[in-house]
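A short write-up of the structure that comes next.
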Amino acid sequence: MASSTRPHYGRVWITFLQNSLIREMTFRGNLLITIVTRGFWFAAQLVLFDIIYRNVNSINDWSREDYFAFMATGMLINAIVETFFMPNCAHFSELIRNGNLDFVLLKPIDTQFLVSFEKVNLAMLNQVLLAGALLCYSLLHLSHLELILPVLQDMIQSGQWITLLGMCFQGTAQIIMYLLLLAVGVAFFYSLMIALASSSIWFGRNQGLYDFWFYITVFARYPRSIYSGSPTGEIIRFAFSYVIPILLVVTVPSRLLLSKALVPSWITLVSVLITFALLFISRFIFKWSLNSYRSASS
């Protein structure tokens with residue numbers, strides 16, 4: 001009997017997605033304006049760094065195509081977070097202020113799941129597509145297909161199937177690791193957001209969430225290596241690499257995908273371990289904050 005009343009989280013999330021689609025289609029003009037605005041911002045970023053790379057060949061060890069792949073990785077992580085989590089975390093303080101959190105707590109489902117996934121910002125999916133297109137563009141230019149294709153044809157004609165299989169396996173493993181590290185980046189930013197949103201229970205209102213998101217992600221917009229060369233830069237680099245790994249969640253997957261060396265080599269493990277620790281800490285903060293909540297009827 002207990003198993004039959006247990007909520008099916010997949011179906012609940014699909015229902016949330018359907019409701020969000022209906023809501024967006026009700027206000028098509030707003031959806032269109034958001035998509036156009038995000039597209040303009042995306043184009044502005046490309047034009048800016050294209051102008052920069054017309055005057056320099058590389059910044060540290062990042063060429064034009066390398067940096068575009070890095071930019072696409074950061075945009076992918078940001079777009080996923082802003083699609084699925086940002087609207088909900090920003091709305092959490094309103095649930096507390098108007099007393100609707102009482103009804104959320106009464107539902108037979110995990111409260112953090114409900115708070116985190118109820119709304120989906122479908123307009124941001126456009127940003128995911130644009131970032132994916134930029135990533136494909138960068139990788140195609142970096143792979144030099146016009147040079148690789150003749151070599152592959154020679155290997156096929158000479159029957160070097162084991163070598164080809166090894167290359168395919170290596171490439172597949174690299175892509176899988178990249179996707180897993182993207183998921184780590186999304187989890188890292190989500191844990192920060194839900195922990196900040198939880199503070200609304202004590203403060204009553206937390207309108208600074210969007211400001212915090214901008215301030216915290218501005219460091220991740222640039223590769224970790226540019227923060228070296230000055231005492232202040234080294235402090236920022238250390239703090240945002242080993243305390244709160246903001247500089248790692250975009251740099252690490254980008255360098256792995258581009259086959260660039262990571263210094264130190266174990267820094268990938270640092271970003272993964274700290275992210276998992278932050279997930280557990282944010283879960284603890286969320287449940288602790290609910291224990292401090294006083295309902296609107298009390």
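Going by the structure tokens order, chains are called A, B, ..., each with residues numbered from 1, while ligands are numbered from 1 in the order shown.
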
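When the distance limit is 9 Å and only C-alpha atoms are what count, the residues near region 30-35 of chain A, minus those fewer than 6 positions from it on the same chain, are Glu24, Leu122, Ala123, Met124, Leu125, Asn126 and Gln127 of chain A.
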
How close does region 37-122 of chain A get to region 183-205 of chain A? List, as JSON lines, each residue of region 37-122 of chain A within 12 Å, its nearest atom pair and the distance in Å to one decimal, counting only C-alpha atoms.
{"residue": "A:Thr73", "atom": "CA", "partner": "A:Gly185", "partner_atom": "CA", "distance": 9.7}
{"residue": "A:Gly74", "atom": "CA", "partner": "A:Gly185", "partner_atom": "CA", "distance": 8.9}
{"residue": "A:Met75", "atom": "CA", "partner": "A:Val186", "partner_atom": "CA", "distance": 11.0}
{"residue": "A:Leu76", "atom": "CA", "partner": "A:Val186", "partner_atom": "CA", "distance": 9.1}
{"residue": "A:Ile77", "atom": "CA", "partner": "A:Val186", "partner_atom": "CA", "distance": 5.6}
{"residue": "A:Asn78", "atom": "CA", "partner": "A:Val186", "partner_atom": "CA", "distance": 7.6}
{"residue": "A:Ala79", "atom": "CA", "partner": "A:Val186", "partner_atom": "CA", "distance": 9.4}
{"residue": "A:Ile80", "atom": "CA", "partner": "A:Val186", "partner_atom": "CA", "distance": 7.1}
{"residue": "A:Val81", "atom": "CA", "partner": "A:Val186", "partner_atom": "CA", "distance": 6.1}
{"residue": "A:Glu82", "atom": "CA", "partner": "A:Tyr190", "partner_atom": "CA", "distance": 9.6}
{"residue": "A:Thr83", "atom": "CA", "partner": "A:Val186", "partner_atom": "CA", "distance": 11.1}
{"residue": "A:Phe84", "atom": "CA", "partner": "A:Tyr190", "partner_atom": "CA", "distance": 9.5}
{"residue": "A:Phe85", "atom": "CA", "partner": "A:Tyr190", "partner_atom": "CA", "distance": 6.8}
{"residue": "A:Met86", "atom": "CA", "partner": "A:Met193", "partner_atom": "CA", "distance": 7.6}
{"residue": "A:Pro87", "atom": "CA", "partner": "A:Met193", "partner_atom": "CA", "distance": 10.7}
{"residue": "A:Asn88", "atom": "CA", "partner": "A:Ile194", "partner_atom": "CA", "distance": 9.2}
{"residue": "A:Cys89", "atom": "CA", "partner": "A:Ala197", "partner_atom": "CA", "distance": 5.6}
{"residue": "A:Ala90", "atom": "CA", "partner": "A:Ala197", "partner_atom": "CA", "distance": 6.9}
{"residue": "A:His91", "atom": "CA", "partner": "A:Ala197", "partner_atom": "CA", "distance": 8.7}
{"residue": "A:Phe92", "atom": "CA", "partner": "A:Ala197", "partner_atom": "CA", "distance": 6.5}
{"residue": "A:Ser93", "atom": "CA", "partner": "A:Arg205", "partner_atom": "CA", "distance": 5.2}
{"residue": "A:Glu94", "atom": "CA", "partner": "A:Arg205", "partner_atom": "CA", "distance": 7.2}
{"residue": "A:Leu95", "atom": "CA", "partner": "A:Ser200", "partner_atom": "CA", "distance": 9.7}
{"residue": "A:Ile96", "atom": "CA", "partner": "A:Ile201", "partner_atom": "CA", "distance": 6.7}
{"residue": "A:Arg97", "atom": "CA", "partner": "A:Gly204", "partner_atom": "CA", "distance": 6.2}
{"residue": "A:Asn98", "atom": "CA", "partner": "A:Gly204", "partner_atom": "CA", "distance": 10.0}
{"residue": "A:Gly99", "atom": "CA", "partner": "A:Gly204", "partner_atom": "CA", "distance": 10.8}
{"residue": "A:Leu101", "atom": "CA", "partner": "A:Ile201", "partner_atom": "CA", "distance": 10.2}
{"residue": "A:Thr111", "atom": "CA", "partner": "A:Ser198", "partner_atom": "CA", "distance": 11.9}
{"residue": "A:Gln112", "atom": "CA", "partner": "A:Ile194", "partner_atom": "CA", "distance": 8.7}
{"residue": "A:Phe113", "atom": "CA", "partner": "A:Ile194", "partner_atom": "CA", "distance": 10.8}
{"residue": "A:Val115", "atom": "CA", "partner": "A:Ile194", "partner_atom": "CA", "distance": 9.2}
{"residue": "A:Ser116", "atom": "CA", "partner": "A:Ile194", "partner_atom": "CA", "distance": 7.9}
{"residue": "A:Phe117", "atom": "CA", "partner": "A:Tyr190", "partner_atom": "CA", "distance": 11.4}

Restricting the output to N, CA, C and O atoms, write the selected residues as a compact mmCIF listing (two decimals), in the first residue's frame.
# COMPACT_ATOMS: atom_id res chain seq x y z
N THR A 73 30.62 26.06 -23.23
CA THR A 73 30.46 25.22 -22.05
C THR A 73 29.83 26.01 -20.90
O THR A 73 28.89 25.53 -20.24
N GLY A 74 30.33 27.21 -20.66
CA GLY A 74 29.74 28.05 -19.62
C GLY A 74 28.30 28.40 -19.90
O GLY A 74 27.46 28.41 -19.00
N MET A 75 28.00 28.69 -21.17
CA MET A 75 26.62 29.02 -21.54
C MET A 75 25.70 27.83 -21.36
O MET A 75 24.54 27.99 -20.95
N LEU A 76 26.18 26.64 -21.67
CA LEU A 76 25.36 25.43 -21.49
C LEU A 76 25.00 25.25 -20.02
O LEU A 76 23.83 25.00 -19.68
N ILE A 77 25.99 25.36 -19.14
CA ILE A 77 25.73 25.20 -17.71
C ILE A 77 24.76 26.26 -17.21
O ILE A 77 23.79 25.96 -16.51
N ASN A 78 25.01 27.52 -17.59
CA ASN A 78 24.14 28.61 -17.16
C ASN A 78 22.72 28.44 -17.68
O ASN A 78 21.75 28.67 -16.95
N ALA A 79 22.60 28.04 -18.95
CA ALA A 79 21.28 27.91 -19.55
C ALA A 79 20.48 26.80 -18.88
O ALA A 79 19.27 26.94 -18.64
N ILE A 80 21.12 25.68 -18.56
CA ILE A 80 20.42 24.58 -17.89
C ILE A 80 19.95 25.01 -16.51
O ILE A 80 18.81 24.75 -16.10
N VAL A 81 20.83 25.70 -15.77
CA VAL A 81 20.47 26.15 -14.43
C VAL A 81 19.33 27.17 -14.50
O VAL A 81 18.37 27.10 -13.72
N GLU A 82 19.41 28.12 -15.44
CA GLU A 82 18.38 29.14 -15.53
C GLU A 82 17.08 28.60 -16.11
O GLU A 82 16.02 29.19 -15.91
N THR A 83 17.14 27.48 -16.82
CA THR A 83 15.92 26.87 -17.35
C THR A 83 15.15 26.15 -16.26
O THR A 83 13.93 26.30 -16.14
N PHE A 84 15.84 25.36 -15.45
CA PHE A 84 15.16 24.46 -14.52
C PHE A 84 15.16 24.92 -13.07
O PHE A 84 14.25 24.54 -12.31
N PHE A 85 16.13 25.72 -12.64
CA PHE A 85 16.27 25.99 -11.21
C PHE A 85 16.08 27.46 -10.82
O PHE A 85 15.52 27.75 -9.78
N MET A 86 16.58 28.37 -11.65
CA MET A 86 16.53 29.78 -11.27
C MET A 86 15.11 30.29 -11.01
O MET A 86 14.87 30.96 -9.99
N PRO A 87 14.12 30.01 -11.88
CA PRO A 87 12.77 30.53 -11.60
C PRO A 87 12.21 30.02 -10.28
O PRO A 87 11.50 30.75 -9.57
N ASN A 88 12.50 28.78 -9.94
CA ASN A 88 11.96 28.19 -8.72
C ASN A 88 12.64 28.73 -7.47
O ASN A 88 11.98 29.05 -6.47
N CYS A 89 13.98 28.85 -7.52
CA CYS A 89 14.69 29.36 -6.35
C CYS A 89 14.33 30.83 -6.11
O CYS A 89 14.21 31.27 -4.96
N ALA A 90 14.15 31.59 -7.19
CA ALA A 90 13.77 32.99 -7.03
C ALA A 90 12.35 33.13 -6.49
O ALA A 90 12.02 34.10 -5.79
N HIS A 91 11.49 32.14 -6.79
CA HIS A 91 10.09 32.19 -6.36
C HIS A 91 9.91 31.69 -4.93
O HIS A 91 8.84 31.89 -4.33
N PHE A 92 10.93 31.07 -4.36
CA PHE A 92 10.82 30.46 -3.04
C PHE A 92 10.47 31.49 -1.97
O PHE A 92 9.66 31.24 -1.08
N SER A 93 11.10 32.67 -2.07
CA SER A 93 10.81 33.70 -1.07
C SER A 93 9.37 34.18 -1.15
O SER A 93 8.77 34.55 -0.13
N GLU A 94 8.79 34.17 -2.36
CA GLU A 94 7.39 34.56 -2.50
C GLU A 94 6.46 33.54 -1.86
O GLU A 94 5.42 33.88 -1.31
N LEU A 95 6.84 32.26 -1.93
CA LEU A 95 6.04 31.22 -1.27
C LEU A 95 5.99 31.46 0.23
O LEU A 95 4.96 31.25 0.88
N ILE A 96 7.12 31.90 0.77
CA ILE A 96 7.18 32.17 2.21
C ILE A 96 6.39 33.42 2.56
O ILE A 96 5.62 33.45 3.53
N ARG A 97 6.55 34.47 1.74
CA ARG A 97 5.93 35.75 2.04
C ARG A 97 4.41 35.68 2.00
O ARG A 97 3.73 36.24 2.86
N ASN A 98 3.87 34.98 0.99
CA ASN A 98 2.40 34.93 0.86
C ASN A 98 1.76 33.71 1.52
O ASN A 98 0.55 33.52 1.43
N GLY A 99 2.58 32.90 2.19
CA GLY A 99 2.04 31.78 2.94
C GLY A 99 1.76 30.53 2.13
O GLY A 99 1.28 29.53 2.69
N LEU A 101 3.82 28.43 1.04
CA LEU A 101 4.71 27.33 1.41
C LEU A 101 3.99 26.32 2.29
O LEU A 101 4.33 25.14 2.31
N THR A 111 9.75 18.11 -0.43
CA THR A 111 9.57 19.56 -0.56
C THR A 111 10.64 20.19 -1.43
O THR A 111 10.34 21.06 -2.25
N GLN A 112 11.89 19.77 -1.30
CA GLN A 112 12.95 20.36 -2.10
C GLN A 112 12.74 20.07 -3.58
O GLN A 112 12.99 20.93 -4.43
N PHE A 113 12.27 18.88 -3.91
CA PHE A 113 11.98 18.55 -5.30
C PHE A 113 10.89 19.47 -5.84
O PHE A 113 11.00 20.02 -6.94
N VAL A 115 9.93 22.43 -4.72
CA VAL A 115 10.39 23.81 -4.78
C VAL A 115 11.35 24.03 -5.95
O VAL A 115 11.37 25.09 -6.57
N SER A 116 12.14 23.01 -6.28
CA SER A 116 13.20 23.16 -7.27
C SER A 116 12.74 22.99 -8.71
O SER A 116 13.36 23.53 -9.63
N PHE A 117 11.66 22.23 -8.95
CA PHE A 117 11.32 21.84 -10.32
C PHE A 117 9.93 22.28 -10.78
O PHE A 117 9.53 21.93 -11.89

request  = Mind the document's chain letters and residue numbers, and return as number ranges by chain the residues of region 28-257 of chain A that DSSP labels strand (DSSP E).
outcome  = A: 58-59, 62-63

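Restricting the calculation to only C-alpha atoms, the smallest distance between Ala72 (chain A) and any of A:Pro7, A:Pro245, A:Pro264, A:Gly132 is found for A:Gly132.
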
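Going from CA of Val249 (chain A) to CA of Cys168 (chain A) covers 25.9 Å.
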
request  = Would you list the contacts of Leu247 (chain A) as an NGL selection string, taking every protein, DNA or RNA residue within 12 Å and counting only C-alpha atoms, but skipping same-chain residues closer than 5 positions in sequence?
outcome  = :A and (70 or 74 or 185 or 188-189 or 216-227 or 236-242 or 252-254 or 267-268 or 270-271)

request  = Could you find all residues in region 75-291 of chain A that DSSP calls alpha helix (DSSP H) from the backbone, and write them as an MDAnalysis selection string?
outcome  = chainID A and resid 75:84 86:97 101:106 111:117 125:143 145:157 161:198 200:203 209:217 231:238 248:257 267:291

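Here CA of Tyr67 (chain A) stands at a distance of 24.0 Å from CA of Val36 (chain A).
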
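Across A:Ile244, A:Ile22, A:Tyr9, A:Ala261, the tightest approach to Phe276 (chain A) is made by A:Ile244 when counting only C-alpha atoms.
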